[in-house]
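*Asks:* Provided herewith: final.cif, mmCIF, C-alpha atoms and all ligand atoms.
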data_start
loop_
_atom_site.group_PDB
_atom_site.id
_atom_site.type_symbol
_atom_site.label_atom_id
_atom_site.label_comp_id
_atom_site.auth_asym_id
_atom_site.auth_seq_id
_atom_site.Cartn_x
_atom_site.Cartn_y
_atom_site.Cartn_z
ATOM 1 C CA MET I 243 0.000 0.000 0.000
ATOM 2 C CA ASN I 244 2.913 2.336 0.751
ATOM 3 C CA ASP I 245 4.189 2.024 -2.785
ATOM 4 C CA SER I 246 0.803 2.543 -4.404
ATOM 5 C CA TRP I 247 -0.615 5.215 -6.665
ATOM 6 C CA CYS I 248 -3.425 7.033 -4.878
ATOM 7 C CA ILE I 249 -5.749 9.999 -5.299
ATOM 8 C CA GLY I 250 -5.979 12.758 -2.706
ATOM 9 C CA VAL I 251 -8.977 15.077 -2.575
ATOM 10 C CA ASP I 252 -9.280 18.319 -0.628
ATOM 11 C CA LEU I 253 -13.004 19.046 -0.256
ATOM 12 C CA GLY I 254 -13.441 22.632 0.925
ATOM 13 C CA GLY I 255 -16.342 25.013 1.258
ATOM 14 C CA THR I 256 -15.633 26.627 -2.111
ATOM 15 C CA SER I 257 -13.498 24.239 -4.133
ATOM 16 C CA ILE I 258 -12.606 20.600 -4.601
ATOM 17 C CA LYS I 259 -8.914 19.998 -5.326
ATOM 18 C CA CYS I 260 -7.786 16.589 -6.541
ATOM 19 C CA GLY I 261 -4.273 15.244 -7.016
ATOM 20 C CA LEU I 262 -2.744 12.027 -8.316
ATOM 21 C CA VAL I 263 -0.083 11.000 -5.797
ATOM 22 C CA SER I 264 2.830 8.792 -6.856
ATOM 23 C CA PRO I 265 4.329 6.035 -4.692
ATOM 24 C CA ASP I 266 7.048 8.484 -3.601
ATOM 25 C CA ASN I 267 4.460 11.070 -2.510
ATOM 26 C CA GLN I 268 4.681 13.534 -5.370
ATOM 27 C CA ILE I 269 1.515 15.132 -6.725
ATOM 28 C CA VAL I 270 2.122 14.415 -10.395
ATOM 29 C CA GLU I 271 -1.183 15.637 -11.836
ATOM 30 C CA ARG I 272 -3.985 17.758 -10.424
ATOM 31 C CA ASN I 273 -7.319 19.393 -11.175
ATOM 32 C CA SER I 274 -10.053 21.285 -9.348
ATOM 33 C CA ALA I 275 -13.763 22.078 -9.489
ATOM 34 C CA PRO I 276 -16.153 24.314 -7.548
ATOM 35 C CA THR I 277 -17.784 22.592 -4.553
ATOM 36 C CA LEU I 278 -21.241 24.140 -5.081
ATOM 37 C CA ALA I 279 -22.264 22.750 -1.694
ATOM 38 C CA LEU I 280 -25.814 24.078 -2.065
ATOM 39 C CA GLN I 281 -26.443 21.565 -4.859
ATOM 40 C CA GLY I 282 -26.003 18.819 -2.277
ATOM 41 C CA PRO I 283 -23.568 15.983 -1.576
ATOM 42 C CA GLU I 284 -24.658 13.743 -4.490
ATOM 43 C CA GLN I 285 -23.606 16.410 -6.977
ATOM 44 C CA ALA I 286 -20.322 17.010 -5.146
ATOM 45 C CA ALA I 287 -19.574 13.267 -5.091
ATOM 46 C CA GLU I 288 -20.304 13.162 -8.816
ATOM 47 C CA ARG I 289 -17.954 16.071 -9.522
ATOM 48 C CA ILE I 290 -15.197 14.389 -7.507
ATOM 49 C CA ALA I 291 -15.755 11.135 -9.408
ATOM 50 C CA GLN I 292 -15.485 12.948 -12.758
ATOM 51 C CA ASN I 293 -12.244 14.692 -11.791
ATOM 52 C CA VAL I 294 -10.747 11.536 -10.310
ATOM 53 C CA ARG I 295 -11.509 9.610 -13.531
ATOM 54 C CA VAL I 296 -9.498 12.235 -15.436
ATOM 55 C CA LEU I 297 -6.548 11.786 -13.055
ATOM 56 C CA LEU I 298 -6.703 7.985 -13.236
ATOM 57 C CA GLU I 299 -5.787 8.283 -16.923
ATOM 58 C CA TYR I 300 -2.334 9.447 -15.803
ATOM 59 C CA VAL I 301 -1.528 6.335 -13.758
ATOM 60 C CA PRO I 302 1.359 4.629 -15.613
ATOM 61 C CA ALA I 303 0.494 1.649 -17.807
ATOM 62 C CA GLY I 304 0.441 -1.590 -15.850
ATOM 63 C CA LYS I 305 -0.173 0.201 -12.526
ATOM 64 C CA HIS I 306 -3.478 0.807 -10.790
ATOM 65 C CA ALA I 307 -4.623 3.434 -8.304
ATOM 66 C CA GLN I 308 -5.374 1.680 -5.029
ATOM 67 C CA ALA I 309 -7.170 4.145 -2.795
ATOM 68 C CA ILE I 310 -8.691 7.591 -2.476
ATOM 69 C CA GLY I 311 -8.214 9.854 0.527
ATOM 70 C CA ILE I 312 -10.590 12.782 0.993
ATOM 71 C CA CYS I 313 -10.051 15.506 3.543
ATOM 72 C CA SER I 314 -12.885 17.801 4.513
ATOM 73 C CA PRO I 315 -14.035 20.057 7.324
ATOM 74 C CA GLY I 316 -15.513 18.193 10.310
ATOM 75 C CA PRO I 317 -17.224 17.019 12.338
ATOM 76 C CA MET I 318 -17.013 13.594 10.773
ATOM 77 C CA ASP I 319 -16.658 9.922 11.626
ATOM 78 C CA HIS I 320 -13.306 8.837 10.208
ATOM 79 C CA ALA I 321 -14.025 5.139 10.867
ATOM 80 C CA THR I 322 -17.295 5.055 8.893
ATOM 81 C CA GLY I 323 -16.593 7.866 6.414
ATOM 82 C CA VAL I 324 -19.699 9.836 7.386
ATOM 83 C CA LEU I 325 -19.752 13.641 7.306
ATOM 84 C CA ILE I 326 -21.769 14.541 10.381
ATOM 85 C CA GLU I 327 -22.518 18.235 10.114
ATOM 86 C CA PRO I 328 -19.763 20.328 8.513
ATOM 87 C CA PRO I 329 -20.931 23.948 8.981
ATOM 88 C CA ASN I 330 -19.389 25.306 5.773
ATOM 89 C CA LEU I 331 -20.909 22.588 3.585
ATOM 90 C CA GLY I 332 -24.354 22.595 5.204
ATOM 91 C CA TRP I 333 -24.858 18.821 4.832
ATOM 92 C CA LYS I 334 -26.015 16.432 7.551
ATOM 93 C CA ASN I 335 -25.068 12.788 8.199
ATOM 94 C CA VAL I 336 -23.824 12.083 4.695
ATOM 95 C CA PRO I 337 -22.043 8.738 4.043
ATOM 96 C CA PHE I 338 -19.687 10.584 1.729
ATOM 97 C CA ALA I 339 -16.863 8.027 1.557
ATOM 98 C CA LYS I 340 -19.357 5.362 0.458
ATOM 99 C CA MET I 341 -20.926 7.681 -2.127
ATOM 100 C CA VAL I 342 -17.577 8.356 -3.793
ATOM 101 C CA SER I 343 -16.406 4.757 -3.406
ATOM 102 C CA GLU I 344 -19.480 3.371 -5.193
ATOM 103 C CA ARG I 345 -18.926 5.687 -8.140
ATOM 104 C CA LEU I 346 -15.264 4.760 -8.615
ATOM 105 C CA ASN I 347 -15.011 1.249 -7.248
ATOM 106 C CA LEU I 348 -12.049 2.152 -5.063
ATOM 107 C CA PRO I 349 -11.736 2.284 -1.263
ATOM 108 C CA VAL I 350 -12.269 5.820 0.050
ATOM 109 C CA THR I 351 -11.041 7.184 3.395
ATOM 110 C CA LEU I 352 -12.431 10.366 4.908
ATOM 111 C CA GLU I 353 -10.119 12.481 7.085
ATOM 112 C CA HIS I 354 -10.618 15.756 8.956
ATOM 113 C CA ASP I 355 -8.845 18.578 7.092
ATOM 114 C CA ALA I 356 -6.746 19.734 10.065
ATOM 115 C CA LYS I 357 -5.680 16.151 10.749
ATOM 116 C CA ALA I 358 -4.870 15.437 7.092
ATOM 117 C CA SER I 359 -2.844 18.654 6.791
ATOM 118 C CA ALA I 360 -1.033 17.723 10.012
ATOM 119 C CA LEU I 361 -0.029 14.360 8.546
ATOM 120 C CA GLY I 362 1.049 16.067 5.314
ATOM 121 C CA GLU I 363 3.233 18.691 7.008
ATOM 122 C CA TYR I 364 4.668 16.184 9.510
ATOM 123 C CA HIS I 365 5.815 13.705 6.895
ATOM 124 C CA PHE I 366 6.525 15.929 3.886
ATOM 125 C CA GLY I 367 6.625 19.585 4.986
ATOM 126 C CA ALA I 368 7.542 21.921 7.830
ATOM 127 C CA GLY I 369 7.136 19.230 10.495
ATOM 128 C CA ARG I 370 9.783 16.895 9.051
ATOM 129 C CA GLY I 371 12.175 15.701 11.706
ATOM 130 C CA SER I 372 9.958 16.563 14.657
ATOM 131 C CA ASP I 373 8.774 13.906 17.107
ATOM 132 C CA ALA I 374 5.626 15.627 18.300
ATOM 133 C CA MET I 375 3.910 18.265 16.204
ATOM 134 C CA ALA I 376 0.671 20.200 16.196
ATOM 135 C CA LEU I 377 -0.657 21.805 13.044
ATOM 136 C CA ILE I 378 -2.681 24.860 13.986
ATOM 137 C CA ILE I 379 -5.249 26.221 11.527
ATOM 138 C CA VAL I 380 -6.236 29.832 12.183
ATOM 139 C CA GLY I 381 -8.988 30.912 9.839
ATOM 140 C CA THR I 382 -12.707 31.356 10.441
ATOM 141 C CA GLY I 383 -12.098 29.115 13.448
ATOM 142 C CA VAL I 384 -9.076 27.616 15.182
ATOM 143 C CA SER I 385 -8.361 23.899 15.152
ATOM 144 C CA ALA I 386 -5.384 21.606 15.559
ATOM 145 C CA GLY I 387 -4.155 18.293 14.246
ATOM 146 C CA ILE I 388 -1.765 16.498 16.576
ATOM 147 C CA VAL I 389 0.850 14.020 15.299
ATOM 148 C CA ILE I 390 2.982 12.089 17.764
ATOM 149 C CA LYS I 391 5.807 9.920 16.420
ATOM 150 C CA GLY I 392 4.222 9.804 12.983
ATOM 151 C CA GLU I 393 0.691 8.903 14.046
ATOM 152 C CA LEU I 394 -2.342 11.129 14.497
ATOM 153 C CA TYR I 395 -3.615 11.548 18.007
ATOM 154 C CA ARG I 396 -7.415 11.392 17.624
ATOM 155 C CA GLY I 397 -8.541 10.754 21.189
ATOM 156 C CA VAL I 398 -11.026 8.041 22.164
ATOM 157 C CA HIS I 399 -13.993 9.739 20.457
ATOM 158 C CA GLY I 400 -12.063 11.384 17.636
ATOM 159 C CA THR I 401 -12.473 14.915 18.991
ATOM 160 C CA ALA I 402 -8.863 15.629 20.024
ATOM 161 C CA GLY I 403 -7.437 18.890 18.705
ATOM 162 C CA GLU I 404 -10.220 21.357 19.537
ATOM 163 C CA LEU I 405 -7.698 24.068 20.344
ATOM 164 C CA GLY I 406 -10.121 26.827 19.336
ATOM 165 C CA HIS I 407 -12.320 26.040 22.317
ATOM 166 C CA ILE I 408 -9.703 25.955 25.040
ATOM 167 C CA THR I 409 -10.520 28.706 27.555
ATOM 168 C CA VAL I 410 -7.794 31.331 27.887
ATOM 169 C CA ASP I 411 -9.943 33.901 29.741
ATOM 170 C CA VAL I 412 -12.255 32.395 32.388
ATOM 171 C CA ASP I 413 -14.224 35.656 32.620
ATOM 172 C CA GLY I 414 -14.191 36.183 28.872
ATOM 173 C CA PRO I 415 -17.087 36.586 26.455
ATOM 174 C CA VAL I 416 -19.496 33.723 25.773
ATOM 175 C CA CYS I 417 -18.566 31.505 22.834
ATOM 176 C CA ARG I 418 -20.884 29.766 20.351
ATOM 177 C CA CYS I 419 -19.805 26.489 21.977
ATOM 178 C CA GLY I 420 -21.378 27.616 25.269
ATOM 179 C CA SER I 421 -18.087 28.142 27.092
ATOM 180 C CA ASN I 422 -16.273 31.393 27.941
ATOM 181 C CA GLY I 423 -13.133 33.082 26.685
ATOM 182 C CA CYS I 424 -12.199 30.481 24.044
ATOM 183 C CA VAL I 425 -8.997 30.920 21.981
ATOM 184 C CA GLU I 426 -11.080 31.244 18.833
ATOM 185 C CA LEU I 427 -12.980 34.306 20.137
ATOM 186 C CA PHE I 428 -9.712 36.268 20.088
ATOM 187 C CA ALA I 429 -7.570 34.616 17.432
ATOM 188 C CA ALA I 430 -9.892 33.551 14.584
ATOM 189 C CA GLY I 431 -10.795 35.895 11.731
ATOM 190 C CA PRO I 432 -14.271 36.913 12.965
ATOM 191 C CA GLY I 433 -12.884 37.657 16.459
ATOM 192 C CA ILE I 434 -10.151 39.880 15.009
ATOM 193 C CA VAL I 435 -12.691 41.743 12.879
ATOM 194 C CA SER I 436 -15.114 42.378 15.731
ATOM 195 C CA ALA I 437 -12.342 43.378 18.187
ATOM 196 C CA TYR I 438 -11.060 45.935 15.698
ATOM 197 C CA GLU I 439 -14.552 47.233 14.878
ATOM 198 C CA TYR I 440 -15.290 47.646 18.581
ATOM 199 C CA ALA I 441 -12.029 49.465 19.301
ATOM 200 C CA ALA I 442 -11.920 51.652 16.191
ATOM 201 C CA HIS I 443 -15.671 52.340 15.843
ATOM 202 C CA THR I 444 -15.523 51.494 12.185
ATOM 203 C CA ARG I 445 -16.562 48.637 9.902
ATOM 204 C CA VAL I 446 -13.872 46.423 8.415
ATOM 205 C CA GLU I 447 -14.196 43.658 5.842
ATOM 206 C CA SER I 448 -11.850 40.925 7.041
ATOM 207 C CA ALA I 449 -8.924 40.019 9.277
ATOM 208 C CA LYS I 450 -6.764 40.618 6.206
ATOM 209 C CA ALA I 451 -7.934 44.258 6.162
ATOM 210 C CA VAL I 452 -7.047 44.583 9.855
ATOM 211 C CA ALA I 453 -3.589 43.106 9.108
ATOM 212 C CA LEU I 454 -3.118 45.626 6.306
ATOM 213 C CA ALA I 455 -4.099 48.470 8.639
ATOM 214 C CA ALA I 456 -1.568 47.180 11.200
ATOM 215 C CA GLN I 457 1.164 47.011 8.563
ATOM 216 C CA ASN I 458 0.356 50.625 7.702
ATOM 217 C CA GLY I 459 0.936 51.670 11.304
ATOM 218 C CA ASP I 460 -2.602 51.573 12.745
ATOM 219 C CA GLU I 461 -1.887 51.123 16.487
ATOM 220 C CA LEU I 462 -5.335 49.686 17.284
ATOM 221 C CA ALA I 463 -4.943 47.052 14.592
ATOM 222 C CA VAL I 464 -1.487 46.129 15.936
ATOM 223 C CA ARG I 465 -2.972 45.707 19.426
ATOM 224 C CA VAL I 466 -5.805 43.515 18.139
ATOM 225 C CA PHE I 467 -3.243 41.170 16.555
ATOM 226 C CA GLU I 468 -1.140 41.240 19.714
ATOM 227 C CA ARG I 469 -4.094 40.005 21.738
ATOM 228 C CA ALA I 470 -4.983 37.422 19.074
ATOM 229 C CA GLY I 471 -1.404 36.127 19.175
ATOM 230 C CA ARG I 472 -1.366 36.083 22.976
ATOM 231 C CA ALA I 473 -4.569 34.026 23.123
ATOM 232 C CA LEU I 474 -3.217 31.665 20.494
ATOM 233 C CA GLY I 475 0.137 31.320 22.263
ATOM 234 C CA ALA I 476 -1.584 30.621 25.588
ATOM 235 C CA GLY I 477 -3.644 27.863 23.932
ATOM 236 C CA MET I 478 -0.577 26.374 22.266
ATOM 237 C CA GLY I 479 1.223 26.622 25.607
ATOM 238 C CA ALA I 480 -1.471 24.395 27.125
ATOM 239 C CA LEU I 481 -0.829 21.874 24.356
ATOM 240 C CA ALA I 482 2.927 22.069 24.948
ATOM 241 C CA MET I 483 2.552 21.559 28.698
ATOM 242 C CA LEU I 484 -0.016 18.746 28.476
ATOM 243 C CA MET I 485 1.387 16.782 25.575
ATOM 244 C CA ASP I 486 5.035 17.799 25.342
ATOM 245 C CA ILE I 487 4.569 19.144 21.841
ATOM 246 C CA SER I 488 7.452 21.293 20.655
ATOM 247 C CA THR I 489 6.777 21.929 16.949
ATOM 248 C CA PHE I 490 3.817 24.073 15.928
ATOM 249 C CA VAL I 491 3.101 24.408 12.217
ATOM 250 C CA MET I 492 0.833 27.343 11.437
ATOM 251 C CA PHE I 493 -1.780 27.224 8.719
ATOM 252 C CA GLY I 494 -4.797 29.190 7.519
ATOM 253 C CA GLY I 495 -5.826 32.642 6.285
ATOM 254 C CA VAL I 496 -5.109 34.576 9.489
ATOM 255 C CA VAL I 497 -1.521 33.247 9.570
ATOM 256 C CA SER I 498 -0.761 35.323 6.458
ATOM 257 C CA ALA I 499 -0.578 38.279 8.895
ATOM 258 C CA GLY I 500 2.864 36.794 9.700
ATOM 259 C CA GLU I 501 4.854 38.190 12.616
ATOM 260 C CA LEU I 502 1.990 40.505 13.632
ATOM 261 C CA LEU I 503 0.394 37.337 14.984
ATOM 262 C CA LEU I 504 3.354 35.003 15.440
ATOM 263 C CA THR I 505 5.658 37.190 17.540
ATOM 264 C CA PRO I 506 3.072 37.710 20.321
ATOM 265 C CA ALA I 507 2.141 34.014 20.009
ATOM 266 C CA ARG I 508 5.803 32.991 20.531
ATOM 267 C CA ASN I 509 6.154 35.320 23.520
ATOM 268 C CA ALA I 510 2.910 34.070 25.086
ATOM 269 C CA LEU I 511 3.845 30.440 24.571
ATOM 270 C CA LYS I 512 7.086 31.061 26.482
ATOM 271 C CA HIS I 513 5.315 33.057 29.189
ATOM 272 C CA TYR I 514 2.580 30.512 29.885
ATOM 273 C CA THR I 515 4.809 27.416 30.032
ATOM 274 C CA TYR I 516 7.813 26.121 31.957
ATOM 275 C CA LYS I 517 11.070 27.731 30.812
ATOM 276 C CA SER I 518 12.344 24.421 29.433
ATOM 277 C CA VAL I 519 9.098 23.768 27.526
ATOM 278 C CA GLY I 520 8.997 27.290 26.114
ATOM 279 C CA ALA I 521 12.655 27.125 25.088
ATOM 280 C CA ARG I 522 12.049 23.956 23.053
ATOM 281 C CA ALA I 523 8.956 25.262 21.277
ATOM 282 C CA ARG I 524 9.262 26.109 17.603
ATOM 283 C CA ILE I 525 6.500 27.992 15.755
ATOM 284 C CA VAL I 526 6.857 27.790 11.983
ATOM 285 C CA VAL I 527 4.608 28.411 8.985
ATOM 286 C CA GLY I 528 3.377 25.455 6.897
ATOM 287 C CA GLU I 529 5.237 24.762 3.652
ATOM 288 C CA LEU I 530 2.737 22.840 1.567
ATOM 289 C CA GLY I 531 -0.453 24.925 1.374
ATOM 290 C CA SER I 532 -3.399 22.857 0.145
ATOM 291 C CA ASP I 533 -1.020 20.086 -0.928
ATOM 292 C CA ALA I 534 -0.698 19.222 2.775
ATOM 293 C CA GLY I 535 -4.347 18.112 2.830
ATOM 294 C CA ILE I 536 -4.032 16.079 -0.377
ATOM 295 C CA LEU I 537 -0.812 14.314 0.721
ATOM 296 C CA GLY I 538 -2.126 13.781 4.255
ATOM 297 C CA ALA I 539 -5.445 12.366 3.023
ATOM 298 C CA VAL I 540 -3.497 9.863 0.924
ATOM 299 C CA TYR I 541 -1.255 9.023 3.890
ATOM 300 C CA SER I 542 -4.387 8.386 5.927
ATOM 301 C CA ALA I 543 -5.938 6.221 3.182
ATOM 302 C CA ARG I 544 -2.778 4.105 2.974
ATOM 303 C CA ALA I 545 -2.705 3.727 6.775
ATOM 304 C CA LYS I 546 -6.337 2.586 6.752
ATOM 305 C CA GLY I 547 -5.480 0.129 3.982
ATOM 306 C CA ARG I 548 -2.882 -1.353 6.350
ATOM 307 C CA GLY I 549 -5.541 -1.610 9.046
ATOM 308 C CA GLY I 550 -4.581 1.593 10.886
HETATM 309 ZN ZN ZN I 601 -15.780 27.976 22.380
#
Written as structure tokens, that's how I'd like the structure from this file.
*Replies:*
Amino acid sequence: MNDSWCIGVDLGGTSIKCGLVSPDNQIVERNSAPTLALQGPEQAAERIAQNVRVLLEYVPAGKHAQAIGICSPGPMDHATGVLIEPPNLGWKNVPFAKMVSERLNLPVTLEHDAKASALGEYHFGAGRGSDAMALIIVGTGVSAGIVIKGELYRGVHGTAGELGHITVDVDGPVCRCGSNGCVELFAAGPGIVSAYEYAAHTRVESAKAVALAAQNGDELAVRVFERAGRALGAGMGALAMLMDISTFVMFGGVVSAGELLLTPARNALKHYTYKSVGARARIVVGELGSDAGILGAVYSARAKGRGG
């Protein structure tokens, strides 16, 4: 299975990216299509099947593709391949792996996007050479994929990695999850936008716009990112202390703000942990972009093929 040709699929809220992955983990051919989630999962499964059939034409003569790995936003059941209720797709309890598998007659494995990207970066990207790594996605929410000695840490019920809903301010604002002062309220895109709007008494389109304002010397915008980074660093510090994780690979739209976010995150991680733990911690930016999800989904499919 390790030396097999496979297809990786990154199913996102707006687009579906597919790649043909060689036995040595190179994406040798790729294509993409719009997700059009509103048309429903049957249509999306059909579009994936069409694009995968195109890629299968590129498998060398005499070889056969052996598995398909799909990564998508959660929540999902990795074991059964059911998408439970991904908010940015709007579908409910969809046996998506089965739907794609029936169309292509190949085994299909479904993996959470943060977890797939974590596997991708650990084995082929910025996490290479680390023993314990967390991939942190900071976008419209905050989530983490944890890889320890090459294997994903899922937890007993598959919910491990909910970094966005770790409390960093016990008296903080109420979160959509019902808790208070969650990391995500401060560090995710919507939290950055509303913090800036509140402080500056002005409307702003996105976290990217706040980052731009900060880069142009807007003090309020700089402070909003400082707090976002501090909340993020405190959350990552909890991960470092609990699980002895020393490599953090950063991913997602908000991370494009760069050091505006990462410098306060690094400082907070050091501040909220033991000196020795903080000194070991390394915060780096992901190297693979959306290829991390495709390569990680294939890694996951191969592992499942081996019974993992
Ligand atoms: Zn929460």
*Asks:* Can you list, as a PyMOL selection string, the residues that the PyMOL selection byres (((not hetatm)) within 9 of (chain I and resi 601)) selects here?
*Replies:* chain I and resi 406-409+416-427
*Asks:* When distances are computed from all atoms listed in the file, which of I:Thr351, I:Arg345, I:Ile312, I:Tyr300 shows the smallest separation from Ile258 of chain I?
*Replies:*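 Ranked by minimum distance to Ile258 of chain I, first place goes to I:Ile312.
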*Asks:* What is the distance between atom CA of Val251 of chain I and atom CA of Val294 of chain I, in Å to one decimal?
*Replies:*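 Computing it gives 8.7 Å between the two atoms.
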*Asks:* Since I can't run it myself right now, could you work out what the PyMOL selection byres (((chain I and resi 270) around 10) and not hetatm) selects here and report it as a list in words?
*Replies:* Gly261, Leu262, Val263, Ser264, Asn267, Gln268, Ile269, Glu271, Arg272, Leu297, Tyr300 and Val301 of chain I
*Asks:* How many Å separate atom CA of Gly332 of chain I from atom CA of Ser436 of chain I?
*Replies:* 24.2 Å
*Asks:* Would you mind reading off the distance between atom CA of Val324 of chain I and atom CA of Gln308 of chain I, one decimal, in Å?
*Replies:* 20.6 Å
*Asks:* Which is closest to Gly316 of chain I among I:His354, I:Lys340, I:Arg472, I:Arg445, if we use all atoms listed in the file?
*Replies:*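 Among I:His354, I:Lys340, I:Arg472, I:Arg445, it is I:His354 that comes nearest to Gly316 of chain I.
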*Asks:* Using all atoms listed in the file, what does the table of segment 319-405 of chain I residues within 7 Å of segment 514-528 of chain I look like, with each row giving the shortest atom pair and its distance in Å to one decimal, sorted by chain and ascending number, as a Markdown table?
*Replies:*
| residue | atom | partner | partner_atom | distance |
| --- | --- | --- | --- | --- |
| I:Glu363 | CA | I:Gly528 | CA | 6.8 |
| I:Gly367 | CA | I:Gly528 | CA | 7.0 |
| I:Ala368 | CA | I:Gly528 | CA | 5.5 |
*Asks:* When the PyMOL selection byres (((chain I and resi 399) around 12) and not hetatm) is applied to the structure above, which residues does it catch, written out as a PyMOL selection string?
*Replies:* chain I and resi 317-321+395-398+400-403
*Asks:* Excluding segment 490-506 of chain I and any residue of its chain fewer than 6 positions from it, enumerate the residues within 9 Å of it, using all atoms listed in the file, and give them as a ChimeraX atom specification.
*Replies:* /I:359-360,363-364,368-369,374-382,384,429-431,449-450,453-454,456-457,464,467-475,478,523-529,531
*Asks:* I need the residue nearest Gln281 of chain I from this list: I:Trp333, I:Lys512, I:Lys391, I:Glu344. Use only C-alpha atoms for the distance.
*Replies:*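 Residue with the minimum atom-to-atom distance to Gln281 of chain I: I:Trp333.
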*Asks:* The centre and edge lengths of an axis-aligned box containing all atoms of segment 348-358 of chain I present in the file, extended by 6 Å on each side, are to be given in Å to one decimal, as JSON.
*Replies:*
{"center_x": -8.7, "center_y": 10.9, "center_z": 2.8, "size_x": 19.6, "size_y": 29.6, "size_z": 27.8}
*Asks:* For segment 536-543 of chain I, please output as a ChimeraX atom specification all residues within 6 Å (counting all atoms listed in the file; exclusion window: fewer than 2 positions along the same chain).
*Replies:* /I:250-252,311-313,351,358-359,361-362,533-534,545-546
*Asks:* Please identify all polymer residues within 9 Å of Glu288 of chain I, counting all atoms listed in the file, omitting same-chain residues fewer than 3 positions from it, and present them as a ChimeraX atom specification.
*Replies:* /I:283-285,291-293,341-342,345
*Asks:* Could those residues be written to a file, using C-alpha atoms, as a PDB file, keeping the file's coordinate frame?
*Replies:*
ATOM      1  CA  PRO I 283     -23.568  15.983  -1.576  1.00  0.00           C
ATOM      2  CA  GLU I 284     -24.658  13.743  -4.490  1.00  0.00           C
ATOM      3  CA  GLN I 285     -23.606  16.410  -6.977  1.00  0.00           C
ATOM      4  CA  ALA I 291     -15.755  11.135  -9.408  1.00  0.00           C
ATOM      5  CA  GLN I 292     -15.485  12.948 -12.758  1.00  0.00           C
ATOM      6  CA  ASN I 293     -12.244  14.692 -11.791  1.00  0.00           C
ATOM      7  CA  MET I 341     -20.926   7.681  -2.127  1.00  0.00           C
ATOM      8  CA  VAL I 342     -17.577   8.356  -3.793  1.00  0.00           C
ATOM      9  CA  ARG I 345     -18.926   5.687  -8.140  1.00  0.00           C
TER      10      ARG I 345
END
*Asks:* For Leu298 of chain I, which residue among I:Leu462, I:Val336, I:Ala286, I:Leu346 is the nearest when counting all atoms listed in the file?
*Replies:*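 The answer is I:Leu346, which sits nearest to Leu298 of chain I.
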*Asks:* When distances are computed from all atoms listed in the file, which of I:Pro265, I:Gly477, I:Gly255, I:Pro276 shows the smallest separation from Ala386 of chain I?
*Replies:* I:Gly477
*Asks:* Between I:Ile434, I:Leu352, I:Ala287, I:Met483, which residue has the minimum interatomic distance to Gly383 of chain I, considering only C-alpha atoms?
*Replies:*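 Between I:Ile434, I:Leu352, I:Ala287, I:Met483, the residue approaching Gly383 of chain I most closely is I:Ile434.
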